[in-house]
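Structure data (mmCIF, C-alpha atoms) from protein.cif:
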data_start
loop_
_atom_site.label_atom_id
_atom_site.label_comp_id
_atom_site.auth_asym_id
_atom_site.auth_seq_id
_atom_site.Cartn_x
_atom_site.Cartn_y
_atom_site.Cartn_z
CA MET V 1 178.52 -26.58 111.59
CA THR V 2 178.61 -29.58 113.91
CA ALA V 3 175.60 -30.15 116.10
CA THR V 4 174.48 -33.38 117.70
CA SER V 5 171.35 -32.62 119.72
CA HIS V 6 167.94 -32.30 118.16
CA THR V 7 167.37 -29.07 120.10
CA ALA V 8 170.46 -27.51 118.50
CA ILE V 9 169.29 -28.63 115.05
CA ARG V 10 165.80 -27.26 115.74
CA GLN V 11 167.25 -23.90 116.75
CA ALA V 12 169.48 -23.78 113.65
CA LEU V 13 166.54 -24.56 111.35
CA LEU V 14 164.35 -22.04 113.16
CA LYS V 15 166.96 -19.33 112.59
CA ARG V 16 166.90 -20.03 108.86
CA ILE V 17 163.12 -19.59 108.84
CA GLN V 18 163.35 -16.40 110.90
CA SER V 19 166.02 -14.90 108.66
CA GLY V 20 163.90 -15.42 105.56
CA GLU V 21 166.31 -17.92 103.99
CA TRP V 22 163.31 -20.25 103.81
CA SER V 23 160.29 -18.07 103.07
CA LEU V 24 156.65 -18.89 103.77
CA GLY V 25 155.63 -21.88 101.68
CA ALA V 26 159.23 -22.71 100.72
CA LEU V 27 160.37 -26.31 100.34
CA ILE V 28 163.28 -27.04 102.70
CA PRO V 29 166.01 -29.68 102.21
CA GLY V 30 165.35 -33.30 103.05
CA GLU V 31 166.46 -35.15 106.16
CA MET V 32 169.51 -36.78 104.59
CA GLU V 33 170.76 -33.51 103.12
CA LEU V 34 170.31 -31.69 106.44
CA ALA V 35 171.96 -34.52 108.37
CA GLU V 36 174.99 -34.29 106.10
CA GLU V 37 175.08 -30.49 106.36
CA TYR V 38 174.95 -30.48 110.17
CA GLY V 39 177.09 -33.58 110.69
CA CYS V 40 174.52 -35.53 112.67
CA ALA V 41 172.33 -38.59 112.43
CA ARG V 42 169.24 -38.51 110.25
CA ALA V 43 167.18 -39.47 113.30
CA THR V 44 168.33 -36.26 115.01
CA VAL V 45 167.14 -34.16 112.08
CA ASN V 46 163.88 -36.09 112.00
CA ARG V 47 163.22 -35.29 115.66
CA ALA V 48 164.05 -31.60 115.14
CA LEU V 49 161.70 -31.39 112.15
CA ARG V 50 159.01 -33.23 114.08
CA THR V 51 159.26 -30.65 116.86
CA LEU V 52 158.94 -27.74 114.40
CA ALA V 53 155.93 -29.47 112.83
CA GLU V 54 154.31 -29.90 116.26
CA GLU V 55 154.88 -26.19 116.87
CA GLY V 56 152.99 -25.47 113.65
CA LEU V 57 155.91 -23.87 111.80
CA ILE V 58 156.44 -26.46 109.08
CA GLU V 59 154.28 -28.97 107.24
CA ARG V 60 155.57 -32.44 106.40
CA LYS V 61 154.10 -34.69 103.72
CA ARG V 62 155.29 -38.19 102.92
CA LYS V 63 155.77 -37.55 99.20
CA GLY V 64 155.54 -33.77 99.14
CA GLY V 65 158.56 -32.92 101.27
CA THR V 66 158.71 -30.39 104.08
CA ARG V 67 157.61 -26.78 103.69
CA VAL V 68 157.44 -23.69 105.85
CA ARG V 69 153.78 -23.18 106.65
CA LEU V 70 152.04 -20.26 104.98
CA LEU V 71 150.13 -19.80 108.24
CA PRO V 72 150.95 -21.43 111.56
CA VAL V 73 148.63 -24.07 112.96
CA LYS V 74 148.98 -22.67 116.45
CA GLN V 75 147.53 -19.21 116.32
CA ALA V 76 145.19 -16.92 118.20
CA LYS V 77 141.44 -17.30 117.88
CA LEU V 78 141.48 -13.99 116.02
CA ASP V 79 143.31 -13.69 112.72
CA ILE V 80 145.97 -11.02 112.23
CA PRO V 81 144.10 -8.74 109.84
CA VAL V 82 145.71 -6.99 106.89
CA VAL V 83 144.43 -3.42 107.14
CA ARG V 84 144.47 -2.97 103.36
CA GLU V 85 142.07 -5.91 102.98
CA GLN V 86 139.81 -4.52 105.70
CA VAL V 87 139.59 -1.18 103.92
CA GLU V 88 139.07 -2.68 100.47
CA SER V 89 136.32 -4.98 101.80
CA THR V 90 134.27 -1.85 102.47
CA GLY V 91 134.64 -0.75 98.85
CA SER V 92 137.09 2.03 99.69
CA ALA V 93 140.48 2.70 98.12
CA TYR V 94 143.40 1.99 100.43
CA ARG V 95 146.74 3.66 100.88
CA HIS V 96 149.06 4.19 103.82
CA GLN V 97 151.43 6.90 104.92
CA VAL V 98 154.56 6.30 106.99
CA VAL V 99 154.72 9.22 109.40
CA GLU V 100 157.86 8.16 111.22
CA LYS V 101 160.41 5.41 110.73
CA LYS V 102 163.58 5.19 112.78
CA LEU V 103 165.87 2.93 114.77
CA LYS V 104 165.84 3.90 118.41
CA VAL V 105 166.15 2.48 121.90
CA PRO V 106 162.66 1.41 123.02
CA PRO V 107 161.20 2.28 126.43
CA SER V 108 161.51 -0.35 129.12
CA SER V 109 157.93 -1.61 128.62
CA ILE V 110 158.61 -2.39 124.94
CA ARG V 111 162.10 -3.72 125.63
CA THR V 112 160.65 -6.16 128.15
CA ARG V 113 157.81 -7.21 125.87
CA LEU V 114 160.11 -7.92 122.90
CA ARG V 115 162.97 -9.20 125.08
CA ILE V 116 165.42 -6.73 123.57
CA PRO V 117 168.73 -6.32 125.44
CA ASN V 118 169.13 -3.07 127.34
CA GLY V 119 170.58 -0.37 125.09
CA ASP V 120 169.83 -2.17 121.81
CA LYS V 121 167.69 -0.40 119.21
CA ALA V 122 164.45 -1.50 117.59
CA LEU V 123 162.61 -0.21 114.52
CA TYR V 124 159.91 2.30 115.45
CA LEU V 125 157.11 3.03 112.98
CA GLU V 126 154.12 5.32 112.93
CA THR V 127 151.70 4.68 110.07
CA ILE V 128 148.37 6.17 109.09
CA HIS V 129 146.10 3.79 107.17
CA LEU V 130 143.65 5.61 104.90
CA ALA V 131 140.32 4.72 103.27
CA ASP V 132 139.45 6.97 100.34
CA ASP V 133 142.15 9.32 101.63
CA ARG V 134 140.51 9.65 105.04
CA PRO V 135 142.18 8.24 108.18
CA TYR V 136 141.04 4.69 108.95
CA ALA V 137 143.54 3.73 111.66
CA PHE V 138 146.72 4.99 113.28
CA GLU V 139 149.40 2.37 113.90
CA VAL V 140 152.30 2.57 116.32
CA ARG V 141 154.68 -0.37 115.91
CA TRP V 142 157.99 -1.63 117.28
CA VAL V 143 159.88 -4.37 115.42
CA ASN V 144 162.67 -6.47 116.90
CA VAL V 145 165.36 -6.15 114.21
CA HIS V 146 167.35 -9.00 115.78
CA ALA V 147 164.44 -11.32 114.97
CA VAL V 148 163.53 -9.71 111.61
CA PRO V 149 166.68 -8.06 110.16
CA GLN V 150 165.25 -8.12 106.63
CA ILE V 151 162.64 -5.51 107.54
CA MET V 152 165.34 -2.84 107.27
CA LYS V 153 165.31 -3.38 103.50
CA ALA V 154 161.55 -3.80 103.14
CA PRO V 155 159.80 -1.20 100.90
CA LEU V 156 157.52 0.05 103.67
CA ASP V 157 156.45 3.08 101.65
CA GLU V 158 154.97 0.69 99.09
CA ILE V 159 153.59 -1.99 101.43
CA SER V 160 152.62 -1.39 105.03
CA ALA V 161 154.64 -3.04 107.80
CA ASN V 162 151.39 -4.75 108.82
CA GLU V 163 150.99 -6.45 105.43
CA TRP V 164 154.71 -7.07 104.89
CA LEU V 165 155.06 -8.90 108.20
CA VAL V 166 151.93 -11.00 107.64
CA GLN V 167 153.17 -12.02 104.17
CA THR V 168 156.83 -12.50 105.02
CA VAL V 169 157.44 -13.54 108.62
CA PRO V 170 155.92 -16.69 110.15
CA PHE V 171 154.76 -16.60 113.75
CA SER V 172 154.11 -19.35 116.25
CA SER V 173 152.20 -17.48 118.95
CA GLY V 174 150.80 -14.12 119.87
CA ASP V 175 148.65 -12.22 122.30
CA VAL V 176 146.13 -9.48 121.74
CA MET V 177 144.35 -7.05 124.03
CA PHE V 178 141.37 -4.83 123.24
CA SER V 179 140.62 -1.62 125.09
CA ALA V 180 138.98 1.77 124.83
CA VAL V 181 140.97 4.92 125.58
CA ASN V 182 140.54 8.66 125.22
CA ALA V 183 142.46 10.07 122.27
CA ASP V 184 145.40 12.28 123.14
CA ARG V 185 146.39 15.17 120.87
CA GLN V 186 148.69 13.07 118.63
CA ILE V 187 146.18 10.28 118.07
CA ALA V 188 143.25 12.65 117.62
CA SER V 189 145.17 14.52 114.94
CA ALA V 190 146.22 11.32 113.17
CA ILE V 191 142.72 9.87 112.84
CA GLU V 192 140.90 13.20 112.61
CA THR V 193 138.80 12.97 115.72
CA ARG V 194 138.48 15.28 118.71
CA GLU V 195 140.94 15.16 121.57
CA GLY V 196 139.46 13.11 124.40
CA ALA V 197 137.15 11.12 122.14
CA ALA V 198 136.71 7.43 122.95
CA ILE V 199 138.66 5.25 120.52
CA PHE V 200 139.12 1.50 120.10
CA VAL V 201 142.65 0.10 120.53
CA ILE V 202 144.05 -3.26 119.41
CA ASP V 203 147.32 -4.05 121.20
CA ARG V 204 149.08 -7.09 119.72
CA THR V 205 152.42 -8.88 120.11
CA THR V 206 153.63 -11.83 118.02
CA TRP V 207 156.59 -14.14 118.27
CA LEU V 208 158.25 -17.07 116.52
CA GLY V 209 159.66 -19.75 118.78
CA ASP V 210 161.95 -17.97 121.23
CA GLU V 211 162.16 -14.72 119.22
CA PHE V 212 159.68 -11.90 119.77
CA ILE V 213 158.93 -10.23 116.44
CA THR V 214 156.77 -7.15 116.84
CA THR V 215 154.35 -5.32 119.07
CA THR V 216 151.84 -2.86 117.71
CA LYS V 217 148.91 -0.69 118.70
CA LEU V 218 146.16 0.16 116.21
CA TYR V 219 143.92 3.09 117.07
CA HIS V 220 140.45 3.22 115.49
CA LYS V 221 137.91 5.98 115.88
CA ASP V 222 134.22 5.55 116.62
CA GLY V 223 132.41 3.29 114.17
CA TYR V 224 135.11 0.64 113.69
CA GLN V 225 133.88 -2.97 113.80
CA LEU V 226 136.07 -6.01 114.44
CA TYR V 227 135.04 -9.22 112.71
CA SER V 228 136.44 -12.68 113.32
CA ARG V 229 135.54 -16.31 112.60
CA PHE V 230 135.90 -19.07 115.21
#
Can the structure in the file be given as structure tokens, please?
Amino acid sequence: MTATSHTAIRQALLKRIQSGEWSLGALIPGEMELAEEYGCARATVNRALRTLAEEGLIERKRKGGTRVRLLPVKQAKLDIPVVREQVESTGSAYRHQVVEKKLKVPPSSIRTRLRIPNGDKALYLETIHLADDRPYAFEVRWVNVHAVPQIMKAPLDEISANEWLVQTVPFSSGDVMFSAVNADRQIASAIETREGAAIFVIDRTTWLGDEFITTTKLYHKDGYQLYSRF
């Protein structure tokens, strides 16, 4: 590849992070090696890496090299929780059940949120998270497979999409909304509550650079508590 601008180099490096070629915590090649690979000046690579570092995606150390950050510096005030850890922190045994998993064309609201071209498919998932074999939360998730193609091979029956994404895919930004809604028949059945009951909903979208990764809604029945540190 021949690229001369630092923005083109940044985009190329970002794609390699997004694809999983460089996993979280991985050491990436040095400036001279990258400059030779991309046919550009070392200063151009340096500027591209500096931009990624400022965005919180990589960490640079003078003698330790450059690594993909395990967690981004720029992140929401609230952590992205791993549901398994939430359940186990209560002393309960965790497992999850994938109710539905399929590639399908998302509705316009999801397509717009994830910036998916009209007509393209996304991965749709419905998951029930259980604590001591009782429903803890019902998750409805869409994943942009253009941004995260490796999820199609992820063992989502063994590890939840929630945990797999947190462990595998870096993110640079996100938004989250909290609300209370009345459970419809599907949600009430999934979390074993009565239809029309008030439930707590966490609606979250995350992205990496210019690529939107996933949007998800987690439905919790009465009694759920959200904890966060500032």
Inset, instruction - Tell me which protein, DNA and RNA residues are within 10 Å of stretch 67-70 of chain V, counting only C-alpha atoms, leaving out same-chain ones fewer than 4 positions away, and put them as a list of chain:residue names. - result: V:Ile17, V:Trp22, V:Ser23, V:Leu24, V:Gly25, V:Ala26, V:Leu27, V:Ile28, V:Pro29, V:Leu52, V:Ala53, V:Gly56, V:Leu57, V:Ile58, V:Glu59, V:Arg60, V:Lys61, V:Val166, V:Gln167, V:Thr168, V:Val169, V:Pro170, V:Phe171
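Computed from the coordinates, the atom CA of V:Asp132 to atom CA of V:Ile199 distance equals 20.3 Å.
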Inset, instruction - Choose the residue, out of V:Glu88, V:Asp175, V:Glu33, V:Asp120, that has the smallest atom-to-atom separation from V:Tyr136; count all atoms listed in the file. - result: V:Glu88
Legend entry - Minimum-distance residue to V:Gln11, chosen among V:Glu37, V:Glu211, V:Glu139, V:Glu192 (using only C-alpha atoms):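 Using only C-alpha atoms, V:Gln11 sits closest to V:Glu211.
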Inset, instruction - Write out as a ChimeraX atom specification the residues lying within 7 Å of V:Ile191, counting only C-alpha atoms and excluding same-chain residues fewer than 5 positions away. - result: /V:135-138,221
Legend entry - Test item: residues at most 10 Å from V:Pro117, all atoms listed in the file, excluding those fewer than 5 positions along its chain, as a list in words: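 Within the cut-off, the hits are Val105, Arg111 and Thr112 of chain V.
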Legend entry - Matched chain/residue IDs from the PyMOL selection byres ((chain V and resi 177-183) around 12), as an MDAnalysis selection string: chainID V and resid 76 78 138 174:176 184:205 215:222 224 226
Inset, instruction - Give as a list in words the residues that the PyMOL selection byres ((chain V and resi 84) around 10) matches when applied to the coordinates above. - result: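 Output of the PyMOL selection byres ((chain V and resi 84) around 10): Pro81, Val82, Val83, Glu85, Gln86, Val87, Glu88, Ser89, Ser92, Ala93, Tyr94, Arg95, His96, His129, Leu130, Ala131, Ile159, Ser160, Asn162 and Glu163 of chain V.
The coordinates place atom CA of V:Asp210 at 11.8 Å from atom CA of V:His146.
From atom CA of V:Arg115 back to atom CA of V:Asn144, the distance works out to 8.6 Å.
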Inset, instruction - Would you write out, as a PyMOL selection string, every residue that the PyMOL selection byres ((chain V and resi 49) around 9) captures in this file? - result: chain V and resi 6+9-10+13+31+44-48+50-54+58+60+66
Go ahead and write the selection's residues with C-alpha atoms as a CSV table (one decimal), keeping the file's coordinate frame.
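Contents of selection.csv, freshly written:
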chain,number,residue,atom,x,y,z
V,6,HIS,CA,167.9,-32.3,118.2
V,9,ILE,CA,169.3,-28.6,115.0
V,10,ARG,CA,165.8,-27.3,115.7
V,13,LEU,CA,166.5,-24.6,111.4
V,31,GLU,CA,166.5,-35.2,106.2
V,44,THR,CA,168.3,-36.3,115.0
V,45,VAL,CA,167.1,-34.2,112.1
V,46,ASN,CA,163.9,-36.1,112.0
V,47,ARG,CA,163.2,-35.3,115.7
V,48,ALA,CA,164.0,-31.6,115.1
V,50,ARG,CA,159.0,-33.2,114.1
V,51,THR,CA,159.3,-30.6,116.9
V,52,LEU,CA,158.9,-27.7,114.4
V,53,ALA,CA,155.9,-29.5,112.8
V,54,GLU,CA,154.3,-29.9,116.3
V,58,ILE,CA,156.4,-26.5,109.1
V,60,ARG,CA,155.6,-32.4,106.4
V,66,THR,CA,158.7,-30.4,104.1
Inset, instruction - Just the residues within 12 Å of V:Val145, please, counting only C-alpha atoms, with nothing from its chain fewer than 3 positions along; format it as a ChimeraX atom specification. - result: /V:18-19,102-106,114-117,120-124,142,148-154,211-214
